[in-house]
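Visitor: What follows is the file coords.cif, containing mmCIF, C-alpha atoms and all ligand atoms:
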data_model
#
loop_
_atom_site.label_atom_id
_atom_site.label_comp_id
_atom_site.auth_asym_id
_atom_site.auth_seq_id
_atom_site.Cartn_x
_atom_site.Cartn_y
_atom_site.Cartn_z
CA MET R 1 -21.29 7.67 -17.23
CA SER R 2 -17.58 7.30 -17.18
CA GLN R 3 -16.65 10.97 -16.99
CA PRO R 4 -18.81 13.02 -14.67
CA PRO R 5 -18.86 16.74 -15.39
CA ASN R 6 -16.62 17.77 -12.52
CA SER R 7 -14.24 14.87 -12.56
CA PRO R 8 -10.54 15.51 -12.89
CA SER R 9 -9.24 15.83 -16.43
CA LYS R 10 -6.43 13.58 -17.54
CA SER R 11 -3.77 16.07 -16.69
CA HIS R 12 -3.74 16.71 -13.01
CA GLY R 13 -2.47 20.25 -13.17
CA ARG R 14 -3.81 23.05 -11.02
CA LEU R 15 -6.54 23.98 -13.51
CA SER R 16 -8.23 20.62 -13.12
CA ILE R 17 -8.66 20.96 -9.39
CA GLY R 18 -12.33 20.90 -8.56
CA ALA R 19 -13.93 22.05 -5.34
CA SER R 20 -14.58 18.48 -4.30
CA LEU R 21 -10.97 17.59 -4.93
CA GLN R 22 -9.55 19.98 -2.40
CA PRO R 23 -6.81 17.61 -1.25
CA ARG R 24 -5.27 18.03 -4.68
CA ASP R 25 -4.53 21.61 -3.69
CA LEU R 26 -2.21 20.26 -1.07
CA MET R 27 -0.42 18.25 -3.68
CA ALA R 28 -0.54 20.81 -6.47
CA ASP R 29 3.05 21.86 -5.93
CA ARG R 30 4.23 18.31 -6.40
CA PRO R 31 5.73 17.83 -9.86
CA ASP R 32 3.52 16.10 -12.45
CA LEU R 33 5.91 13.87 -14.34
CA HIS R 34 5.10 11.27 -16.97
CA GLY R 35 6.49 7.76 -16.80
CA VAL R 36 6.85 8.01 -13.04
CA TRP R 37 5.67 5.10 -10.86
CA THR R 38 2.13 6.09 -9.96
CA ALA R 39 -0.42 4.98 -7.40
CA LYS R 40 -4.05 5.66 -8.26
CA VAL R 41 -6.34 5.28 -5.29
CA VAL R 42 -10.12 5.09 -5.67
CA THR R 43 -11.62 6.27 -2.40
CA LEU R 44 -14.55 8.08 -0.82
CA PHE R 45 -12.00 9.99 1.27
CA PRO R 46 -9.41 11.50 -1.09
CA GLN R 47 -8.69 14.12 1.59
CA VAL R 48 -6.88 11.53 3.74
CA PHE R 49 -4.15 11.23 1.07
CA PRO R 50 -1.19 11.51 1.02
CA GLY R 51 -1.67 11.21 4.77
CA VAL R 52 1.29 9.54 6.38
CA LEU R 53 2.83 9.05 2.94
CA GLY R 54 3.44 12.81 2.83
CA ALA R 55 5.90 12.52 5.73
CA SER R 56 9.55 11.57 5.87
CA LEU R 57 11.18 9.65 3.02
CA THR R 58 8.03 8.80 1.04
CA GLY R 59 6.88 12.43 1.30
CA ARG R 60 10.21 13.83 0.21
CA ALA R 61 10.22 11.41 -2.73
CA LEU R 62 6.68 12.54 -3.63
CA ASP R 63 7.85 16.17 -3.55
CA GLN R 64 10.79 15.28 -5.75
CA GLY R 65 8.56 13.55 -8.28
CA LEU R 66 10.13 10.12 -7.70
CA TRP R 67 6.62 8.67 -7.51
CA ARG R 68 3.10 10.00 -7.97
CA LEU R 69 -0.07 9.68 -5.94
CA ASP R 70 -3.40 10.25 -7.61
CA PRO R 71 -6.47 9.90 -5.37
CA ILE R 72 -9.73 9.47 -7.31
CA ASP R 73 -12.87 10.62 -5.52
CA LEU R 74 -15.45 7.85 -5.86
CA ARG R 75 -18.20 10.30 -4.91
CA LEU R 76 -17.78 12.08 -8.26
CA PHE R 77 -19.05 8.95 -9.98
CA GLY R 78 -22.09 8.62 -7.73
CA GLU R 79 -25.63 8.50 -9.06
CA GLY R 80 -28.16 11.30 -9.01
CA ARG R 81 -28.30 14.62 -7.26
CA HIS R 82 -26.85 13.14 -4.08
CA ARG R 83 -24.20 11.18 -5.93
CA ASN R 84 -25.14 7.96 -4.19
CA VAL R 85 -22.41 5.35 -4.21
CA ASP R 86 -23.99 2.61 -2.09
CA ASP R 87 -27.21 0.68 -1.63
CA THR R 88 -28.69 -1.98 0.64
CA PRO R 89 -27.40 -5.56 0.32
CA ALA R 90 -29.31 -7.88 -2.01
CA GLY R 91 -30.78 -10.63 0.15
CA GLY R 92 -31.03 -8.35 3.15
CA GLY R 93 -28.80 -7.82 6.14
CA PRO R 94 -27.16 -4.85 7.80
CA GLY R 95 -25.04 -2.15 6.21
CA MET R 96 -24.56 -0.88 2.71
CA VAL R 97 -22.69 -2.14 -0.35
CA LEU R 98 -20.70 -0.06 -2.85
CA ARG R 99 -22.55 -0.16 -6.15
CA ALA R 100 -21.10 -2.00 -9.14
CA ASP R 101 -22.16 0.68 -11.65
CA VAL R 102 -20.59 3.49 -9.63
CA MET R 103 -17.31 1.67 -9.02
CA GLY R 104 -17.30 0.48 -12.64
CA ALA R 105 -17.49 4.07 -13.88
CA ALA R 106 -14.72 5.11 -11.51
CA LEU R 107 -12.51 2.23 -12.65
CA ASP R 108 -13.12 2.89 -16.38
CA HIS R 109 -12.01 6.45 -15.75
CA THR R 110 -9.05 5.47 -13.59
CA MET R 111 -7.71 2.71 -15.83
CA ARG R 112 -8.03 4.65 -19.09
CA GLY R 113 -4.64 4.85 -20.72
CA ARG R 114 -3.09 2.40 -18.23
CA PRO R 115 -1.58 -0.89 -19.45
CA ASP R 116 -4.17 -3.72 -19.69
CA ASP R 117 -1.48 -6.15 -18.60
CA ARG R 118 -2.08 -6.59 -14.87
CA ALA R 119 1.53 -7.63 -14.36
CA ARG R 120 2.55 -4.14 -15.48
CA TRP R 121 -0.26 -2.34 -13.66
CA PRO R 122 -2.01 -4.34 -10.92
CA LEU R 123 -5.60 -3.56 -9.95
CA ILE R 124 -6.10 -4.26 -6.26
CA TYR R 125 -9.05 -4.13 -3.87
CA LEU R 126 -8.02 -3.82 -0.23
CA SER R 127 -10.15 -6.42 1.49
CA PRO R 128 -9.98 -8.59 4.61
CA ARG R 129 -10.78 -11.56 2.34
CA GLY R 130 -7.70 -10.95 0.21
CA ARG R 131 -4.31 -12.58 0.12
CA PRO R 132 -2.28 -11.32 3.08
CA PHE R 133 0.07 -8.53 2.05
CA ASP R 134 3.75 -9.32 2.55
CA GLN R 135 7.22 -8.14 1.61
CA ALA R 136 7.28 -10.28 -1.55
CA MET R 137 4.11 -8.56 -2.75
CA ALA R 138 5.60 -5.15 -1.93
CA ARG R 139 8.62 -6.08 -4.02
CA ARG R 140 6.43 -7.23 -6.90
CA LEU R 141 4.40 -4.00 -6.83
CA SER R 142 7.57 -1.89 -6.65
CA ARG R 143 8.66 -3.41 -9.97
CA THR R 144 5.52 -2.43 -11.91
CA GLU R 145 4.76 0.83 -13.71
CA GLY R 146 2.13 1.71 -11.14
CA VAL R 147 -0.84 0.36 -9.29
CA THR R 148 -4.53 1.12 -8.83
CA LEU R 149 -5.86 0.56 -5.32
CA ILE R 150 -9.57 0.43 -4.47
CA CYS R 151 -10.55 1.38 -0.93
CA GLY R 152 -13.79 -0.19 0.22
CA ARG R 153 -16.19 1.22 2.80
CA PHE R 154 -19.35 -0.03 4.51
CA GLU R 155 -19.82 -3.79 3.92
CA GLY R 156 -17.58 -3.68 0.89
CA LEU R 157 -17.82 -3.87 -2.87
CA ASP R 158 -20.43 -5.53 -5.13
CA GLN R 159 -18.87 -8.88 -6.11
CA ARG R 160 -19.65 -8.35 -9.80
CA VAL R 161 -17.08 -5.54 -10.09
CA ILE R 162 -14.42 -7.76 -8.56
CA ASP R 163 -15.24 -10.55 -11.02
CA HIS R 164 -15.72 -8.33 -14.07
CA TYR R 165 -12.35 -6.56 -13.82
CA GLY R 166 -10.47 -9.56 -12.43
CA ILE R 167 -9.52 -7.52 -9.40
CA GLU R 168 -6.88 -8.91 -7.04
CA GLU R 169 -7.91 -8.80 -3.36
CA VAL R 170 -5.21 -7.95 -0.84
CA SER R 171 -5.56 -7.97 2.95
CA LEU R 172 -3.50 -6.13 5.52
CA GLY R 173 -4.16 -8.86 8.07
CA ASP R 174 -6.81 -10.77 9.98
CA PHE R 175 -8.76 -7.84 11.35
CA VAL R 176 -11.49 -5.58 10.02
CA LEU R 177 -10.84 -1.90 9.33
CA THR R 178 -13.59 0.65 8.70
CA GLY R 179 -12.24 1.36 5.23
CA GLY R 180 -9.42 0.54 2.86
CA GLU R 181 -7.55 3.85 3.17
CA ILE R 182 -5.20 2.85 6.01
CA ALA R 183 -4.50 -0.43 4.25
CA ALA R 184 -3.79 1.41 0.98
CA GLN R 185 -1.32 3.72 2.72
CA ALA R 186 0.41 0.78 4.38
CA VAL R 187 0.71 -1.06 1.05
CA LEU R 188 2.03 2.06 -0.67
CA ASP R 189 4.53 2.83 2.08
CA ALA R 190 5.98 -0.68 1.96
CA THR R 191 6.09 -0.57 -1.86
CA VAL R 192 7.40 2.94 -2.51
CA ARG R 193 10.34 2.56 -0.13
CA LEU R 194 11.60 -0.29 -2.33
CA ARG R 195 11.69 1.93 -5.42
CA PRO R 196 15.12 3.20 -6.46
CA ASN R 197 16.45 6.37 -4.78
CA ILE R 198 13.72 6.59 -2.13
CA LEU R 199 15.66 5.46 0.92
CA GLY R 200 18.89 7.21 1.79
CA ASN R 201 20.70 3.94 2.23
CA GLU R 202 19.68 1.38 -0.39
CA ALA R 203 21.48 -1.46 1.34
CA SER R 204 19.03 -1.21 4.21
CA THR R 205 16.18 -2.84 2.24
CA GLU R 206 18.33 -5.90 1.62
CA GLU R 207 19.17 -6.61 5.23
CA GLU R 208 15.92 -5.82 7.00
CA SER R 209 13.18 -8.15 8.24
CA PHE R 210 11.71 -10.62 5.72
CA SER R 211 14.22 -9.89 2.95
CA ALA R 212 16.17 -13.03 3.79
CA GLY R 213 13.08 -14.82 5.13
CA LEU R 214 14.03 -13.99 8.72
CA LEU R 215 13.06 -11.33 11.23
CA GLU R 216 15.80 -8.81 11.79
CA HIS R 217 18.45 -8.94 14.53
CA PRO R 218 18.16 -6.35 17.36
CA HIS R 219 19.69 -2.89 17.07
CA TYR R 220 21.68 -0.82 19.57
CA THR R 221 23.23 2.62 19.59
CA ARG R 222 24.97 4.98 22.04
CA PRO R 223 25.21 5.28 24.99
CA ALA R 224 27.25 2.10 25.45
CA THR R 225 25.71 1.65 28.89
CA TRP R 226 22.16 2.74 29.65
CA ARG R 227 20.65 2.24 33.11
CA GLY R 228 23.08 -0.56 33.72
CA HIS R 229 22.37 -2.31 30.39
CA ASP R 230 25.37 -2.78 28.13
CA ILE R 231 25.43 -3.11 24.37
CA PRO R 232 26.43 -6.73 23.56
CA PRO R 233 30.26 -6.56 23.56
CA VAL R 234 30.66 -8.32 20.20
CA LEU R 235 29.05 -5.29 18.50
CA LEU R 236 31.81 -3.06 19.89
CA SER R 237 34.58 -5.54 19.08
CA GLY R 238 35.24 -4.30 15.55
CA HIS R 239 35.30 -7.92 14.29
CA HIS R 240 33.01 -7.72 11.29
CA GLY R 241 32.92 -11.47 10.77
CA GLU R 242 31.94 -12.10 14.39
CA ILE R 243 29.33 -9.33 14.26
CA ALA R 244 27.75 -10.81 11.14
CA LYS R 245 27.68 -14.25 12.76
CA TRP R 246 26.10 -12.88 15.94
CA ARG R 247 23.44 -11.00 13.98
CA GLN R 248 22.59 -14.05 11.90
CA ALA R 249 22.27 -16.19 15.04
CA GLN R 250 20.02 -13.57 16.68
CA ALA R 251 17.83 -13.30 13.58
CA GLU R 252 17.43 -17.06 13.49
CA ALA R 253 16.64 -17.33 17.20
CA ILE R 254 14.07 -14.54 17.11
CA THR R 255 12.40 -15.94 14.01
CA ARG R 256 12.25 -19.46 15.44
CA ALA R 257 10.74 -18.19 18.71
CA ARG R 258 8.23 -15.71 17.29
CA ARG R 259 7.32 -16.96 13.84
CA PRO R 260 7.36 -20.73 13.41
CA ASP R 261 5.73 -20.24 10.00
CA LEU R 262 8.61 -18.11 8.69
CA TRP R 263 11.14 -20.38 10.36
CA ALA R 264 9.77 -23.48 8.65
CA ALA R 265 9.90 -21.78 5.25
CA TYR R 266 13.45 -20.55 5.92
CA ASP R 267 14.56 -24.01 7.03
CA ARG R 268 13.14 -25.54 3.86
CA SER R 269 14.85 -22.99 1.61
CA ARG R 270 18.16 -23.61 3.41
CA ASP R 271 17.87 -27.30 2.74
CA GLU R 272 17.34 -26.63 -0.95
CA ASP R 273 20.48 -24.48 -1.22
N1 LIG Q 1 -17.91 -6.78 5.43
C1 LIG Q 1 -16.52 -6.94 5.15
C2 LIG Q 1 -15.69 -5.88 5.87
C3 LIG Q 1 -15.86 -4.51 5.29
S1 LIG Q 1 -14.80 -3.36 6.06
C4 LIG Q 1 -16.05 -8.31 5.59
O1 LIG Q 1 -16.54 -8.80 6.61
O2 LIG Q 1 -15.18 -8.89 4.95
C5 LIG Q 1 -14.86 -2.02 4.94
C6 LIG Q 1 -13.69 -1.89 3.99
O3 LIG Q 1 -12.50 -1.74 4.75
C7 LIG Q 1 -13.45 -3.07 3.09
O4 LIG Q 1 -14.21 -2.99 1.93
C8 LIG Q 1 -11.96 -2.97 2.80
O5 LIG Q 1 -11.70 -2.11 1.71
C9 LIG Q 1 -11.40 -2.31 4.06
N2 LIG Q 1 -10.75 -3.28 4.95
C10 LIG Q 1 -11.22 -3.72 6.13
N3 LIG Q 1 -10.38 -4.59 6.71
C11 LIG Q 1 -9.33 -4.71 5.88
C12 LIG Q 1 -8.12 -5.48 5.92
N4 LIG Q 1 -7.83 -6.30 6.92
N5 LIG Q 1 -7.28 -5.36 4.87
C13 LIG Q 1 -7.55 -4.55 3.84
N6 LIG Q 1 -8.67 -3.79 3.75
C14 LIG Q 1 -9.55 -3.87 4.75
#
Using the file provided, produce a representation of the structure as structure tokens.
Ligand code: SAH
Guide:
Amino acid sequence: MSQPPNSPSKSHGRLSIGASLQPRDLMADRPDLHGVWTAKVVTLFPQVFPGVLGASLTGRALDQGLWRLDPIDLRLFGEGRHRNVDDTPAGGGPGMVLRADVMGAALDHTMRGRPDDRARWPLIYLSPRGRPFDQAMARRLSRTEGVTLICGRFEGLDQRVIDHYGIEEVSLGDFVLTGGEIAAQAVLDATVRLRPNILGNEASTEEESFSAGLLEHPHYTRPATWRGHDIPPVLLSGHHGEIAKWRQAQAEAITRARRPDLWAAYDRSRDED
């Protein structure tokens, strides 16, 4: 069963909005453009999308059709009258596991018509066992045609689906969330803002934390004195060369103090230059 009776049709226009896909209503006035970078998100909670991605720059870009978000309701692919998506773990133990057949049907539906080449269209399961997400991965994803993200729930996903589809596992960090939805939104936020024309000031993605392998220098703005604290005078000096030098030194000092791992990598790459 790859296409349940009330699943969304391929076009995601207003007519295809089913009762169980109510969140689509909220997004129905967003333009439906072809060839636009698209995130497909398989989730039991489509109603939590776009969530925070609907705000600010990512939300405005979504409204403008600069990227697309397509939540796929896993429940629609569930088995039987109750559309069950999970079952008890083989071998025993607490909790429930998302069924391979249900997720398989959802993925067949979701990936239909998408490039098979995973470099062009990555297929990712948000998972605490995955490779830690970082800025380099965000950059890689921002250069694809789109991405499919799978949000787990309960104890997670039947391993056979992960193996069968060659799914890449990506972690938000060394902690356990209740589900993959927050992780998916974090990954999408970091990725979408690197797409062209999303941020007002494109230069800002080149200078910020991690782009040069360092944490960013501190920022200040008016008033020049606040509760007796002055802005570092060099920043008000108008000497651009001195300002750049000061910022570089600050970035290096902060990185060395807070993130020895990043500092070691930065040091190595400097030696190679
Ligand atoms: N039993 C699993 C945890 C399941 S948490 C384990 O111990 O590894 C339920 C779901 O939340 C997961 O399937 C995953 O999709 C999501 N999740 C939890 N923590 C996450 C993290 N650090 N990064 C990305 N996704 C996470």
Visitor: Check which residues of chain R sit at most 6 Å from ligand LIG 1 (chain Q) using all atoms listed in the file, and return one row each with the closest pair of atoms and their distance in Å to one decimal, ordered by chain and rising number, as JSON lines.
Guide:
{"residue": "R:Leu126", "atom": "CA", "partner": "Q:LIG1", "partner_atom": "N6", "distance": 4.0}
{"residue": "R:Ser127", "atom": "CA", "partner": "Q:LIG1", "partner_atom": "N6", "distance": 3.8}
{"residue": "R:Pro128", "atom": "CA", "partner": "Q:LIG1", "partner_atom": "C12", "distance": 3.9}
{"residue": "R:Arg129", "atom": "CA", "partner": "Q:LIG1", "partner_atom": "O2", "distance": 5.8}
{"residue": "R:Cys151", "atom": "CA", "partner": "Q:LIG1", "partner_atom": "O5", "distance": 4.5}
{"residue": "R:Gly152", "atom": "CA", "partner": "Q:LIG1", "partner_atom": "O5", "distance": 3.2}
{"residue": "R:Arg153", "atom": "CA", "partner": "Q:LIG1", "partner_atom": "C5", "distance": 4.1}
{"residue": "R:Phe154", "atom": "CA", "partner": "Q:LIG1", "partner_atom": "C5", "distance": 4.9}
{"residue": "R:Glu155", "atom": "CA", "partner": "Q:LIG1", "partner_atom": "N1", "distance": 3.9}
{"residue": "R:Gly156", "atom": "CA", "partner": "Q:LIG1", "partner_atom": "O4", "distance": 3.6}
{"residue": "R:Ser171", "atom": "CA", "partner": "Q:LIG1", "partner_atom": "N5", "distance": 3.7}
{"residue": "R:Leu172", "atom": "CA", "partner": "Q:LIG1", "partner_atom": "N5", "distance": 3.9}
{"residue": "R:Gly173", "atom": "CA", "partner": "Q:LIG1", "partner_atom": "N4", "distance": 4.6}
{"residue": "R:Asp174", "atom": "CA", "partner": "Q:LIG1", "partner_atom": "N4", "distance": 5.5}
{"residue": "R:Phe175", "atom": "CA", "partner": "Q:LIG1", "partner_atom": "N4", "distance": 4.8}
{"residue": "R:Val176", "atom": "CA", "partner": "Q:LIG1", "partner_atom": "N3", "distance": 3.6}
{"residue": "R:Leu177", "atom": "CA", "partner": "Q:LIG1", "partner_atom": "C10", "distance": 3.7}
{"residue": "R:Thr178", "atom": "CA", "partner": "Q:LIG1", "partner_atom": "O3", "distance": 4.7}
{"residue": "R:Gly179", "atom": "CA", "partner": "Q:LIG1", "partner_atom": "O3", "distance": 3.1}
{"residue": "R:Gly180", "atom": "CA", "partner": "Q:LIG1", "partner_atom": "C9", "distance": 3.7}
{"residue": "R:Ala183", "atom": "CA", "partner": "Q:LIG1", "partner_atom": "C13", "distance": 5.1}
Visitor: Please indicate the distance in Å from CA of Ile150 (chain R) to CA of Glu181 (chain R), rounded to one decimal place.
Guide: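 Distance reported for this atom pair: 8.6 Å.
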Visitor: Under the rule that only C-alpha atoms are counted, which of R:Gly146, R:Leu236, R:Leu215, R:Leu66 is the nearest residue to Pro260 (chain R)?
Guide: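 So, comparing all the options, the nearest one is R:Leu215.
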Visitor: Neighbours of region 70-79 of chain R within 7 Å (all atoms listed in the file; same-chain residues fewer than 2 positions away dropped), as an mmCIF file with C-alpha atoms, keeping the file's coordinate frame?
Guide:
data_model
loop_
_atom_site.group_PDB
_atom_site.id
_atom_site.type_symbol
_atom_site.label_atom_id
_atom_site.label_comp_id
_atom_site.auth_asym_id
_atom_site.auth_seq_id
_atom_site.Cartn_x
_atom_site.Cartn_y
_atom_site.Cartn_z
ATOM 1 C CA PRO R 4 -18.810 13.020 -14.670
ATOM 2 C CA SER R 7 -14.240 14.870 -12.560
ATOM 3 C CA ALA R 39 -0.420 4.980 -7.400
ATOM 4 C CA LYS R 40 -4.050 5.660 -8.260
ATOM 5 C CA VAL R 41 -6.340 5.280 -5.290
ATOM 6 C CA VAL R 42 -10.120 5.090 -5.670
ATOM 7 C CA THR R 43 -11.620 6.270 -2.400
ATOM 8 C CA LEU R 44 -14.550 8.080 -0.820
ATOM 9 C CA PHE R 45 -12.000 9.990 1.270
ATOM 10 C CA PRO R 46 -9.410 11.500 -1.090
ATOM 11 C CA PHE R 49 -4.150 11.230 1.070
ATOM 12 C CA ARG R 68 3.100 10.000 -7.970
ATOM 13 C CA ARG R 81 -28.300 14.620 -7.260
ATOM 14 C CA HIS R 82 -26.850 13.140 -4.080
ATOM 15 C CA ARG R 83 -24.200 11.180 -5.930
ATOM 16 C CA ASN R 84 -25.140 7.960 -4.190
ATOM 17 C CA VAL R 85 -22.410 5.350 -4.210
ATOM 18 C CA VAL R 102 -20.590 3.490 -9.630
ATOM 19 C CA ALA R 105 -17.490 4.070 -13.880
ATOM 20 C CA ALA R 106 -14.720 5.110 -11.510
#
Visitor: Calculated over all atoms listed in the file, which of the candidates R:His219, R:Arg131, R:Arg160, R:Arg120 has the smallest distance to Glu145 (chain R)?
Guide: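 Closest to Glu145 (chain R) of all the choices is R:Arg120.
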Visitor: Please list as an MDAnalysis selection string every residue within 8 Å of His217 (chain R), counting only C-alpha atoms and excluding residues in the same chain fewer than 3 positions away.
Guide: chainID R and resid 247:248 250:251 254
Visitor: For the atom pair CA of Thr38 (chain R) and CA of Thr148 (chain R), what is the interatomic distance in Å to one decimal place?
Guide: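 For CA of Thr38 (chain R) relative to CA of Thr148 (chain R), the distance reads 8.4 Å.
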Visitor: Using only C-alpha atoms, pick whichever of R:Met111, R:Ile231, R:Ile124, R:Leu141 has the shortest atom-to-atom distance to Ile162 (chain R).
Guide: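 Nearest to Ile162 (chain R): R:Ile124.
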Visitor: Can you pull out every residue within 12 Å of Pro232 (chain R), counting all atoms listed in the file, but drop anything in the same chain fewer than 2 positions away, and send it as a CSV table (one decimal) with C-alpha atoms, in the frame of the given file?
Guide:
chain,number,residue,atom,x,y,z
R,218,PRO,CA,18.2,-6.4,17.4
R,219,HIS,CA,19.7,-2.9,17.1
R,220,TYR,CA,21.7,-0.8,19.6
R,221,THR,CA,23.2,2.6,19.6
R,222,ARG,CA,25.0,5.0,22.0
R,224,ALA,CA,27.2,2.1,25.4
R,225,THR,CA,25.7,1.6,28.9
R,229,HIS,CA,22.4,-2.3,30.4
R,230,ASP,CA,25.4,-2.8,28.1
R,234,VAL,CA,30.7,-8.3,20.2
R,235,LEU,CA,29.0,-5.3,18.5
R,236,LEU,CA,31.8,-3.1,19.9
R,237,SER,CA,34.6,-5.5,19.1
R,242,GLU,CA,31.9,-12.1,14.4
R,243,ILE,CA,29.3,-9.3,14.3
R,246,TRP,CA,26.1,-12.9,15.9
R,247,ARG,CA,23.4,-11.0,14.0
R,250,GLN,CA,20.0,-13.6,16.7
Visitor: Tell me, as a list in words, which residues lie within 12 Å of Asp261 (chain R), counting all atoms listed in the file; anything in the same chain fewer than 5 positions away does not count.
Guide: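 Here the qualifying residues turn out to be Gly213, Leu214, Leu215, Thr255, Arg256, Tyr266, Asp267 and Arg268 of chain R.
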Visitor: Deliver the residues from the most recent selection as a file, using C-alpha atoms, as a compact mmCIF listing (two decimals), keeping the file's coordinate frame.
Guide:
# COMPACT_ATOMS: atom_id res chain seq x y z
CA GLY R 213 13.08 -14.82 5.13
CA LEU R 214 14.03 -13.99 8.72
CA LEU R 215 13.06 -11.33 11.23
CA THR R 255 12.40 -15.94 14.01
CA ARG R 256 12.25 -19.46 15.44
CA TYR R 266 13.45 -20.55 5.92
CA ASP R 267 14.56 -24.01 7.03
CA ARG R 268 13.14 -25.54 3.86
Visitor: So how far away is CA of Leu57 (chain R) from CA of Asn197 (chain R), in Å?
Guide: 10.0 Å
Visitor: Using only C-alpha atoms, pick whichever of R:Val161, R:Val97, R:Ala264, R:Val147 has the shortest atom-to-atom distance to Pro122 (chain R).
Guide: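 That would be R:Val147, the residue with the smallest distance to Pro122 (chain R).
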